[in-house]
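Engineer: Below is the file query-v4.csv, with CSV, C-alpha atoms.
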chain,number,residue,atom,x,y,z
A,1,MET,CA,-13.9,22.8,37.9
A,2,PHE,CA,-12.6,20.5,40.6
A,3,ARG,CA,-11.3,17.0,39.7
A,4,GLN,CA,-12.0,13.9,41.7
A,5,LEU,CA,-8.9,13.0,43.7
A,6,ARG,CA,-8.3,10.4,46.4
A,7,PRO,CA,-7.8,11.9,49.9
A,8,LEU,CA,-4.2,10.7,49.9
A,9,GLN,CA,-3.5,12.7,46.7
A,10,VAL,CA,-4.9,15.8,48.3
A,11,VAL,CA,-2.8,15.4,51.5
A,12,PHE,CA,0.3,14.8,49.4
A,13,ASP,CA,-0.3,18.0,47.3
A,14,VAL,CA,-0.8,20.0,50.5
A,15,LEU,CA,2.4,18.6,52.0
A,16,VAL,CA,4.3,19.4,48.8
A,17,ALA,CA,3.0,23.0,48.9
A,18,PHE,CA,3.9,23.3,52.5
A,19,GLY,CA,7.5,22.1,51.9
A,20,PHE,CA,7.7,24.4,48.9
A,21,ALA,CA,6.7,27.4,51.0
A,22,LEU,CA,9.3,26.5,53.7
A,23,VAL,CA,12.1,26.5,51.2
A,24,ALA,CA,10.9,29.5,49.1
A,25,LEU,CA,10.2,31.9,52.0
A,26,PRO,CA,13.8,32.3,53.2
A,27,ALA,CA,15.0,32.7,49.7
A,28,GLU,CA,12.5,35.4,48.9
A,29,LEU,CA,13.1,37.3,52.2
A,30,VAL,CA,16.8,37.4,51.4
A,31,THR,CA,16.1,38.9,48.0
A,32,SER,CA,13.6,41.5,49.1
A,33,ALA,CA,13.8,44.6,46.9
A,34,ALA,CA,13.7,47.1,49.7
A,35,PRO,CA,13.4,47.2,53.4
A,36,GLY,CA,9.8,47.1,54.6
A,37,THR,CA,8.7,45.0,51.6
A,38,GLU,CA,9.1,41.7,53.3
A,39,TRP,CA,5.4,41.3,53.5
A,40,VAL,CA,5.3,41.2,49.7
A,41,ALA,CA,7.7,38.2,49.8
A,42,VAL,CA,5.5,36.4,52.3
A,43,VAL,CA,2.3,37.1,50.3
A,44,LEU,CA,4.0,36.0,47.1
A,45,VAL,CA,5.2,32.7,48.6
A,46,LEU,CA,1.7,32.0,50.1
A,47,ILE,CA,0.1,32.6,46.7
A,48,MET,CA,2.5,30.4,44.8
A,49,ALA,CA,2.2,27.7,47.5
A,50,ALA,CA,-1.6,27.8,47.1
A,51,ALA,CA,-1.2,27.4,43.4
A,52,VAL,CA,0.9,24.3,44.0
A,53,ALA,CA,-1.5,22.9,46.5
A,54,VAL,CA,-4.5,23.0,44.2
A,55,ARG,CA,-2.7,22.3,40.9
A,56,ARG,CA,-4.2,18.8,40.5
A,57,LEU,CA,-7.5,19.4,42.3
A,58,SER,CA,-8.3,22.4,40.0
A,59,PRO,CA,-5.8,23.2,37.3
A,60,GLY,CA,-7.8,26.2,36.1
A,61,LEU,CA,-7.9,27.7,39.6
A,62,SER,CA,-4.2,27.0,40.0
A,63,LEU,CA,-3.4,28.8,36.8
A,64,GLY,CA,-5.3,31.9,37.9
A,65,VAL,CA,-3.6,31.9,41.3
A,66,ALA,CA,-0.2,31.6,39.7
A,67,TRP,CA,-1.0,34.5,37.4
A,68,THR,CA,-2.0,36.6,40.4
A,69,GLY,CA,1.3,35.8,42.0
A,70,ALA,CA,3.2,36.7,38.9
A,71,LEU,CA,1.4,40.1,38.6
A,72,LEU,CA,2.1,40.8,42.2
A,73,GLN,CA,5.8,40.0,41.6
A,74,MET,CA,6.0,42.3,38.6
A,75,THR,CA,4.1,45.1,40.4
A,76,ALA,CA,6.4,45.0,43.4
A,77,GLU,CA,9.4,45.0,40.9
A,78,ARG,CA,10.9,41.8,42.4
A,79,ASN,CA,13.5,39.8,40.6
A,80,PRO,CA,12.6,36.3,39.4
A,81,GLY,CA,13.5,33.8,42.2
A,82,PHE,CA,13.0,30.3,43.6
A,83,VAL,CA,9.2,30.9,44.1
A,84,ASP,CA,8.7,31.0,40.3
A,85,ILE,CA,9.4,27.3,40.1
A,86,ALA,CA,5.7,26.9,41.0
A,87,ILE,CA,4.8,28.3,37.5
A,88,PHE,CA,6.4,25.2,35.8
A,89,ALA,CA,4.3,22.8,38.0
A,90,VAL,CA,1.1,24.8,37.2
A,91,LEU,CA,1.7,24.8,33.4
A,92,TYR,CA,2.4,21.0,33.6
A,93,VAL,CA,-0.9,20.2,35.2
A,94,THR,CA,-2.9,22.5,33.0
A,95,ALA,CA,-1.8,20.4,30.0
A,96,ALA,CA,-2.0,17.1,31.7
A,97,TYR,CA,-5.2,17.3,33.7
A,98,GLY,CA,-7.0,20.5,32.7
A,99,SER,CA,-10.2,20.7,30.7
A,100,ARG,CA,-10.0,21.7,27.0
A,101,LEU,CA,-10.3,25.4,27.9
A,102,VAL,CA,-7.6,25.2,30.6
A,103,PHE,CA,-5.4,23.2,28.3
A,104,TRP,CA,-5.3,26.0,25.7
A,105,ALA,CA,-5.2,28.6,28.4
A,106,GLY,CA,-2.0,27.0,29.6
A,107,LEU,CA,-0.5,27.2,26.1
A,108,ALA,CA,-1.5,30.8,25.8
A,109,SER,CA,0.1,31.5,29.2
A,110,VAL,CA,3.4,30.1,27.8
A,111,GLY,CA,3.4,32.7,25.1
A,112,VAL,CA,2.1,35.6,27.1
A,113,GLY,CA,4.2,34.8,30.1
A,114,SER,CA,7.4,34.5,28.0
A,115,ALA,CA,6.7,38.0,26.4
A,116,ALA,CA,5.9,39.4,29.8
A,117,ILE,CA,9.1,38.1,31.3
A,118,THR,CA,11.2,39.7,28.5
A,119,ILE,CA,9.4,43.0,28.7
A,120,TYR,CA,9.6,43.1,32.5
A,121,LEU,CA,13.3,42.4,32.6
A,122,PHE,CA,14.1,45.4,30.3
A,123,ARG,CA,11.3,47.8,31.2
A,124,TRP,CA,12.0,47.9,34.9
A,125,GLY,CA,15.8,48.1,34.4
A,126,LEU,CA,16.5,44.7,36.0
A,127,ILE,CA,18.9,44.0,33.1
A,128,GLY,CA,19.4,47.5,31.8
A,129,GLN,CA,17.6,50.2,29.8
A,130,PHE,CA,16.5,48.7,26.5
A,131,SER,CA,18.1,49.8,23.3
A,132,TRP,CA,18.2,48.4,19.8
A,133,SER,CA,21.6,47.0,20.5
A,134,ASP,CA,19.9,44.8,23.2
A,135,LEU,CA,17.5,43.3,20.7
A,136,PRO,CA,19.5,40.0,20.3
A,137,SER,CA,19.6,39.7,24.1
A,138,ALA,CA,15.9,40.2,24.4
A,139,VAL,CA,15.3,37.6,21.7
A,140,ALA,CA,17.5,35.2,23.5
A,141,ILE,CA,15.6,35.8,26.7
A,142,LEU,CA,12.3,35.3,24.9
A,143,ILE,CA,13.4,32.1,23.3
A,144,ALA,CA,14.8,30.8,26.7
A,145,ALA,CA,11.5,31.6,28.4
A,146,LEU,CA,9.5,30.0,25.7
A,147,PHE,CA,11.6,26.9,25.9
A,148,ALA,CA,11.5,26.6,29.7
A,149,LEU,CA,7.7,27.3,30.0
A,150,GLY,CA,6.9,25.4,26.8
A,151,LEU,CA,8.8,22.3,28.0
A,152,ALA,CA,6.7,22.1,31.2
A,153,TRP,CA,3.5,22.5,29.2
A,154,THR,CA,4.6,20.0,26.5
A,155,SER,CA,5.5,17.4,29.2
A,156,GLY,CA,2.0,17.7,30.5
A,157,ALA,CA,0.5,17.4,27.1
A,158,LEU,CA,2.4,14.2,26.5
A,159,VAL,CA,1.1,12.8,29.8
A,160,ARG,CA,-2.4,13.8,28.8
A,161,ASN,CA,-2.1,11.8,25.5
A,162,VAL,CA,-0.8,8.8,27.4
A,163,LEU,CA,-3.7,8.9,29.9
A,164,ARG,CA,-6.2,9.4,27.1
A,165,GLY,CA,-4.8,6.5,25.2
A,166,ARG,CA,-5.1,4.2,28.3
A,167,ALA,CA,-8.7,5.3,28.8
A,168,THR,CA,-9.5,4.7,25.2
A,169,ARG,CA,-7.9,1.2,25.3
A,170,ALA,CA,-9.8,0.3,28.5
A,171,ALA,CA,-13.1,1.4,27.0
A,172,GLN,CA,-12.3,-0.6,23.9
A,173,VAL,CA,-11.6,-3.7,25.9
A,174,ARG,CA,-14.8,-3.3,27.9
A,175,ALA,CA,-16.8,-2.8,24.7
A,176,GLU,CA,-15.3,-5.9,23.1
A,177,ALA,CA,-16.0,-8.0,26.2
A,178,GLU,CA,-19.6,-6.8,26.3
A,179,THR,CA,-20.0,-7.5,22.5
A,180,ALA,CA,-18.6,-11.1,23.0
A,181,ALA,CA,-20.9,-11.7,26.0
A,182,GLU,CA,-23.9,-10.5,24.0
A,183,GLN,CA,-23.0,-12.7,21.1
A,184,GLU,CA,-22.7,-15.7,23.4
A,185,ARG,CA,-26.0,-15.0,25.0
A,186,THR,CA,-27.6,-14.7,21.6
A,187,ARG,CA,-26.1,-18.0,20.5
A,188,ILE,CA,-27.3,-19.8,23.7
A,189,ALA,CA,-30.8,-18.3,23.3
A,190,ARG,CA,-30.9,-19.4,19.7
A,191,ASP,CA,-29.8,-23.0,20.6
A,192,MET,CA,-32.3,-23.1,23.4
A,193,HIS,CA,-35.1,-22.0,21.1
A,194,ASP,CA,-34.1,-24.7,18.6
A,195,ILE,CA,-34.0,-27.4,21.3
A,196,VAL,CA,-37.3,-26.5,22.9
A,197,ALA,CA,-39.1,-26.0,19.6
A,198,HIS,CA,-37.9,-29.3,18.2
A,199,SER,CA,-38.7,-31.2,21.4
A,200,LEU,CA,-42.1,-29.7,21.8
A,201,ALA,CA,-42.9,-30.5,18.1
A,202,VAL,CA,-42.0,-34.1,18.6
A,203,ILE,CA,-44.0,-34.3,21.9
A,204,ILE,CA,-47.1,-32.8,20.3
A,205,ALA,CA,-46.9,-35.1,17.3
A,206,GLN,CA,-46.4,-38.2,19.4
A,207,SER,CA,-49.3,-37.1,21.7
A,208,ASP,CA,-51.7,-36.6,18.9
A,209,GLY,CA,-50.7,-39.9,17.3
A,210,ALA,CA,-51.1,-41.8,20.5
A,211,ARG,CA,-54.5,-40.3,21.1
A,212,TYR,CA,-55.7,-41.3,17.6
A,213,ALA,CA,-54.2,-44.8,17.7
A,214,ALA,CA,-55.1,-45.6,21.3
A,215,ALA,CA,-58.3,-47.4,20.3
A,216,ALA,CA,-56.9,-49.4,17.4
A,217,ASP,CA,-53.4,-50.1,18.6
A,218,PRO,CA,-52.7,-49.8,22.4
A,219,ALA,CA,-49.1,-50.7,21.8
A,220,ALA,CA,-48.6,-47.6,19.7
A,221,GLN,CA,-49.8,-45.5,22.6
A,222,SER,CA,-47.2,-47.0,24.9
A,223,ALA,CA,-44.5,-46.5,22.3
A,224,ALA,CA,-45.6,-42.9,21.9
A,225,LEU,CA,-45.5,-42.2,25.6
A,226,GLY,CA,-42.0,-43.7,25.7
A,227,THR,CA,-40.8,-41.4,22.9
A,228,ILE,CA,-42.4,-38.4,24.7
A,229,SER,CA,-40.6,-39.3,27.9
A,230,THR,CA,-37.2,-39.8,26.1
A,231,THR,CA,-37.6,-36.6,24.1
A,232,ALA,CA,-38.5,-34.5,27.2
A,233,ARG,CA,-35.6,-35.9,29.2
A,234,SER,CA,-33.2,-35.1,26.4
A,235,ALA,CA,-34.5,-31.6,26.0
A,236,LEU,CA,-34.3,-31.0,29.7
A,237,SER,CA,-30.7,-32.2,29.7
A,238,ASP,CA,-29.8,-29.9,26.8
A,239,VAL,CA,-31.5,-26.9,28.4
A,240,ARG,CA,-29.6,-27.5,31.7
A,241,LEU,CA,-26.4,-27.6,29.8
A,242,LEU,CA,-27.1,-24.3,28.1
A,243,LEU,CA,-28.2,-22.7,31.3
A,244,THR,CA,-24.9,-23.8,32.9
A,245,GLN,CA,-23.0,-22.0,30.1
A,246,LEU,CA,-25.1,-18.9,30.5
A,247,ARG,CA,-24.6,-18.7,34.3
A,248,HIS,CA,-20.8,-18.4,33.9
A,249,SER,CA,-21.3,-14.8,33.0
A,250,GLN,CA,-24.5,-14.0,34.8
A,251,SER,CA,-25.4,-13.6,38.4
A,252,ASP,CA,-27.6,-16.1,40.1
A,253,GLY,CA,-31.3,-15.5,39.5
A,254,PRO,CA,-34.2,-16.4,41.8
A,255,GLN,CA,-33.9,-20.0,43.0
A,256,PRO,CA,-36.5,-22.4,44.3
A,257,THR,CA,-36.8,-22.8,48.0
A,258,LEU,CA,-38.1,-25.5,50.3
A,259,ALA,CA,-41.4,-23.8,50.3
A,260,ASP,CA,-41.8,-24.7,46.6
A,261,LEU,CA,-41.5,-28.4,47.2
A,262,GLU,CA,-45.2,-28.9,48.0
A,263,GLN,CA,-46.2,-27.4,44.7
A,264,LEU,CA,-43.8,-29.7,42.9
A,265,TYR,CA,-45.2,-32.7,44.8
A,266,ALA,CA,-48.7,-31.7,43.9
A,267,GLN,CA,-47.9,-31.5,40.2
A,268,VAL,CA,-46.4,-35.0,40.3
A,269,ARG,CA,-49.5,-36.4,42.1
A,270,ALA,CA,-51.7,-34.6,39.5
A,271,ALA,CA,-50.0,-36.7,36.8
A,272,GLY,CA,-51.3,-39.9,38.5
A,273,VAL,CA,-48.1,-40.9,40.3
A,274,GLU,CA,-48.5,-42.0,43.9
A,275,LEU,CA,-45.9,-40.1,45.8
A,276,ARG,CA,-44.8,-40.1,49.4
A,277,VAL,CA,-42.0,-37.8,50.6
A,278,ASP,CA,-40.0,-38.1,53.8
A,279,VAL,CA,-37.6,-35.2,54.9
A,280,ASP,CA,-34.9,-36.2,57.3
A,281,PRO,CA,-33.9,-34.2,59.2
A,282,ALA,CA,-36.8,-31.8,59.1
A,283,PRO,CA,-35.7,-28.1,58.8
A,284,PRO,CA,-36.3,-26.0,61.9
A,285,GLY,CA,-38.2,-23.3,59.9
A,286,ARG,CA,-38.3,-21.7,56.6
A,287,CYS,CA,-34.9,-22.0,55.0
A,288,PRO,CA,-33.6,-18.8,53.4
A,289,ARG,CA,-31.0,-20.5,51.3
A,290,PRO,CA,-31.7,-21.6,47.7
A,291,TRP,CA,-32.9,-25.2,47.1
A,292,SER,CA,-30.1,-27.0,45.3
A,293,SER,CA,-28.3,-30.3,45.2
A,294,ARG,CA,-26.4,-29.2,48.4
A,295,SER,CA,-29.6,-28.9,50.4
A,296,THR,CA,-29.7,-31.1,53.5
A,297,ALA,CA,-33.2,-32.2,52.7
A,298,SER,CA,-33.6,-35.4,50.6
A,299,SER,CA,-36.6,-36.8,48.9
A,300,ARG,CA,-37.4,-40.4,48.4
A,301,ARG,CA,-40.1,-41.7,46.0
A,302,HIS,CA,-42.0,-44.8,47.0
As structure tokens - that is how I would like this structure written.
Structural biologist:
Amino acid sequence: MFRQLRPLQVVFDVLVAFGFALVALPAELVTSAAPGTEWVAVVLVLIMAAAVAVRRLSPGLSLGVAWTGALLQMTAERNPGFVDIAIFAVLYVTAAYGSRLVFWAGLASVGVGSAAITIYLFRWGLIGQFSWSDLPSAVAILIAALFALGLAWTSGALVRNVLRGRATRAAQVRAEAETAAEQERTRIARDMHDIVAHSLAVIIAQSDGARYAAAADPAAQSAALGTISTTARSALSDVRLLLTQLRHSQSDGPQPTLADLEQLYAQVRAAGVELRVDVDPAPPGRCPRPWSSRSTASSRRH
């Protein structure tokens, strides 16, 4: 029922309604139908000002409040005046920002309101007693009312279509961007799978061959180990390149920290490599920042 508005928009609408009331109240007091009915003018102005104040916050509520003011005006037999300008603003927002129900209620109000204006002007003698000779005048008044009220509602409908078109276009752009990103991630995943699978197949084949040929041909074992090392480095380089491409559109994931260095050193020593590490300068404590090439710690292999 209530739309989401920024505080500045709400303040602006309230100030517009306040200014409208300041201008409409003197005009309505001057055109009071009879002495002692000034309170009707005050109440009418307050009702229409309230409709203007909430027109964008709740178009449906604004339409109901405006109809209440119109019924009060006809009941008090007051002439149309400056305060009726609020009706045009209300019809505009019902078409521009209202829900589907409010949208069609605004269109129905155009027809019903135009007929009510025509009947009211003749029925209460504001123009004169109705006779068949006045039919052309009544038709002219009806057409003029339909044109005026319909113009306000149609303007809002056009704005509604523009806003809906912008929202549709923005949603389409987001969907296209998400589709392109998903396709890129799929391509990178496929390339990574091909690289890792091929490299592991070569490494496994070379390892099995080196194991079987170790006793008969020690040189073959050394060549196989060299091939394994080259293949692993090449695969690691390709994987790093793919991960770099992937991170352009992804947020940083969990990164190794200084606390993970000891586990890395243990894995290297387990492979039979004698390793000694010096850290200079030593960190004062556990470093919360990710371990990267920008880290102040440096490792030297001896």
Engineer: Using all atoms listed in the file, can you tell me which of A:Ala89, A:Leu163, A:Asp194, A:Leu57 comes closest to Arg6 in chain A?
Structural biologist: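 The answer is A:Leu57, which sits nearest to Arg6 in chain A.
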Engineer: Just give me the gap between CA of Gly111 in chain A and CA of Gly81 in chain A in Å, one decimal is fine.
Structural biologist: 19.9 Å
Engineer: Just give me the gap between CA of Val65 in chain A and CA of Ala51 in chain A in Å, one decimal is fine.
Structural biologist: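 Computing it gives 5.5 Å between the two atoms.
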Engineer: Within 12 Å of Ala148 in chain A, counting only C-alpha atoms, which residues qualify if same-chain residues fewer than 5 places away don't, as a VMD selection string?
Structural biologist: chain A and resid 84 to 85 87 to 89 91 to 92 110 to 111 113 to 114 117 141 to 143 153 to 155
Engineer: I need the chosen residues saved as a compact mmCIF listing (two decimals), in the frame of the given file, with C-alpha atoms.
Structural biologist:
# COMPACT_ATOMS: atom_id res chain seq x y z
CA ASP A 84 8.70 31.00 40.30
CA ILE A 85 9.40 27.30 40.10
CA ILE A 87 4.80 28.30 37.50
CA PHE A 88 6.40 25.20 35.80
CA ALA A 89 4.30 22.80 38.00
CA LEU A 91 1.70 24.80 33.40
CA TYR A 92 2.40 21.00 33.60
CA VAL A 110 3.40 30.10 27.80
CA GLY A 111 3.40 32.70 25.10
CA GLY A 113 4.20 34.80 30.10
CA SER A 114 7.40 34.50 28.00
CA ILE A 117 9.10 38.10 31.30
CA ILE A 141 15.60 35.80 26.70
CA LEU A 142 12.30 35.30 24.90
CA ILE A 143 13.40 32.10 23.30
CA TRP A 153 3.50 22.50 29.20
CA THR A 154 4.60 20.00 26.50
CA SER A 155 5.50 17.40 29.20
Engineer: Would you mind reading off the distance between CA of Gly98 in chain A and CA of Ala152 in chain A, one decimal, in Å?
Structural biologist: 13.9 Å
Engineer: For a quick check of understanding, using all atoms listed in the file, which of A:Thr244, A:Thr179, A:Ala197, A:Trp104 has the smallest distance to Thr231 in chain A?
Structural biologist: A:Ala197
Engineer: With all atoms listed in the file as the atoms that count, which of A:Ala180, A:Ala105, A:Ala86, A:Ala232 lies nearest to Val202 in chain A?
Structural biologist: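 Of A:Ala180, A:Ala105, A:Ala86, A:Ala232, the one nearest Val202 in chain A, counting all atoms listed in the file, is A:Ala232.
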Engineer: I'd like the contact shell of Val90 in chain A - 10 Å cut-off, only C-alpha atoms, skipping same-chain residues fewer than 6 positions apart - returned as a PDB file with C-alpha atoms, in the coordinates of the input.
Structural biologist:
ATOM      1  CA  MET A  48       2.500  30.400  44.800  1.00  0.00           C
ATOM      2  CA  ALA A  51      -1.200  27.400  43.400  1.00  0.00           C
ATOM      3  CA  VAL A  52       0.900  24.300  44.000  1.00  0.00           C
ATOM      4  CA  ALA A  53      -1.500  22.900  46.500  1.00  0.00           C
ATOM      5  CA  VAL A  54      -4.500  23.000  44.200  1.00  0.00           C
ATOM      6  CA  ARG A  55      -2.700  22.300  40.900  1.00  0.00           C
ATOM      7  CA  ARG A  56      -4.200  18.800  40.500  1.00  0.00           C
ATOM      8  CA  PRO A  59      -5.800  23.200  37.300  1.00  0.00           C
ATOM      9  CA  GLY A  60      -7.800  26.200  36.100  1.00  0.00           C
ATOM     10  CA  LEU A  61      -7.900  27.700  39.600  1.00  0.00           C
ATOM     11  CA  SER A  62      -4.200  27.000  40.000  1.00  0.00           C
ATOM     12  CA  LEU A  63      -3.400  28.800  36.800  1.00  0.00           C
ATOM     13  CA  GLY A  64      -5.300  31.900  37.900  1.00  0.00           C
ATOM     14  CA  VAL A  65      -3.600  31.900  41.300  1.00  0.00           C
ATOM     15  CA  ALA A  66      -0.200  31.600  39.700  1.00  0.00           C
ATOM     16  CA  TRP A  67      -1.000  34.500  37.400  1.00  0.00           C
ATOM     17  CA  ALA A  96      -2.000  17.100  31.700  1.00  0.00           C
ATOM     18  CA  GLY A 106      -2.000  27.000  29.600  1.00  0.00           C
ATOM     19  CA  ALA A 152       6.700  22.100  31.200  1.00  0.00           C
ATOM     20  CA  TRP A 153       3.500  22.500  29.200  1.00  0.00           C
ATOM     21  CA  GLY A 156       2.000  17.700  30.500  1.00  0.00           C
TER      22      GLY A 156
END
